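First the structure, in the form of structure tokens, and then the observations on it.
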Amino acid sequence: MALQALQSSGVTFRKILSHFPEELSLAFVYGSGVYRQAGPSSDQKNAMLDFVFTVDDPVAWHSKNLKKNWRHYSFLKVLGPKMITSIQNNYGAGVYYNSLIMCDGRLIKYGVISTNILIEDLLNWNNLYIAGRLQKPVKIISMNEDVTLRSALDRNLKSAVTTAFLMLPESFSEEDLFIEIAGLSYSGDFRMVVGEDKTKVLNIVKPNIAHFRELYGSILQENPQVVYKSQQGRLEIDKSPEGQFTQLMTLPKSLQQQIHHIMDSPGKNRDVEETLFQVAHDPDCGDVVRLGLSAIVRPSSLRQSTKGIFTAGMKKSVIYSSLKLHKMWKGWLRKTS
């Protein structure tokens, strides 16, 4: 099962986790501090660790965390756990980040998201924010036996494969596929214009082909629409209109709706299935899917980044943005040197 490839253990990560309330349905850590990346952010030892904590009851969790880790929060802490949860759930991408925290000698940031909101994002790609993080290799530190959550995690990976297929030619390499998958949640993200290294996706994929293969190998082996030549690292897919229609019909609901919105001419009032049938026969099918992704990611990433100014506080936001811009500048210098 592909989900098993996500699971890992690590003393460093578990020690950090011990500083937080225990009521977690899922906890994982990601980024250049966990998996080696190429480029200017390749210093794993000193890189910031990025955690996500999924909780069933955000009010209760924040209440306990405020008592344990009062200093982690910005000025919003004075509003109390109910207001913090309201901000978490109702603004941005449904996640509340505390940034630039020193914990056990490591610089970390951590996001808190409701289990229900995460499941919705995994299944429907409402924001493709934390769901997008989980399409790339992460280290799962803790996960309970929630069958619905586990099924949604697996569905998210399968949706990522299907979406990437629609944007790829008939024959391609494993690396091509993994680059498309890793780039899904960056489609239309304004931070890729200001704040992120432009080669970020390549830097994530190239040193981690084996981890992507571990994550997606069984899904590719079991998919009836692909010939997966794992020894050669090559794949072939069905690019007929019938094949593409089958793929389009299994896409997450929000992406289907965005494609429908883009392609449905005023006054025609077609249903989503009719629109997807038209797109399946369109030579620019992949470009339409990419536009649909951008329509999800762009507003979601912008709202979440705006929320981050308040959840981190102005001082930390300036420092964090400066670090991102410094990485982007170093990446540009490497390209031009």
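Each chain of the structure tokens is named A, B, ... in the order shown, its residues numbered from 1; ligands are numbered from 1 in display order.
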Which polymer residues have any atom within 9 Å of an atom of Leu153 of chain A, counting only C-alpha atoms, with same-chain residues fewer than 6 positions away left out, as number ranges by chain?
-> A: 3, 119, 122-123, 131, 134-135
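Between Lys253 of chain A and the residues A:Tyr96, A:Phe75, A:Trp125, A:Phe172, the shortest atom-to-atom distance, using only C-alpha atoms, involves A:Trp125.
Minimum atom-to-atom distance to Pro207 of chain A, evaluated using only C-alpha atoms, belongs to A:Pro137 out of A:Gly286, A:Gly132, A:Pro137, A:Gly292.
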For Val95 of chain A, which of A:Gly33, A:Leu128, A:Leu79, A:Ala152 is the closest residue, counting only C-alpha atoms?
-> A:Leu128
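Residue nearest Leu157 of chain A, chosen from A:Ile117, A:Val112, A:Met102, A:Leu220 and counting only C-alpha atoms: A:Leu220.
Distance check against Leu107 of chain A using only C-alpha atoms: of A:Phe13, A:Lys136, A:Asp56, A:Glu22, the minimum falls on A:Phe13.
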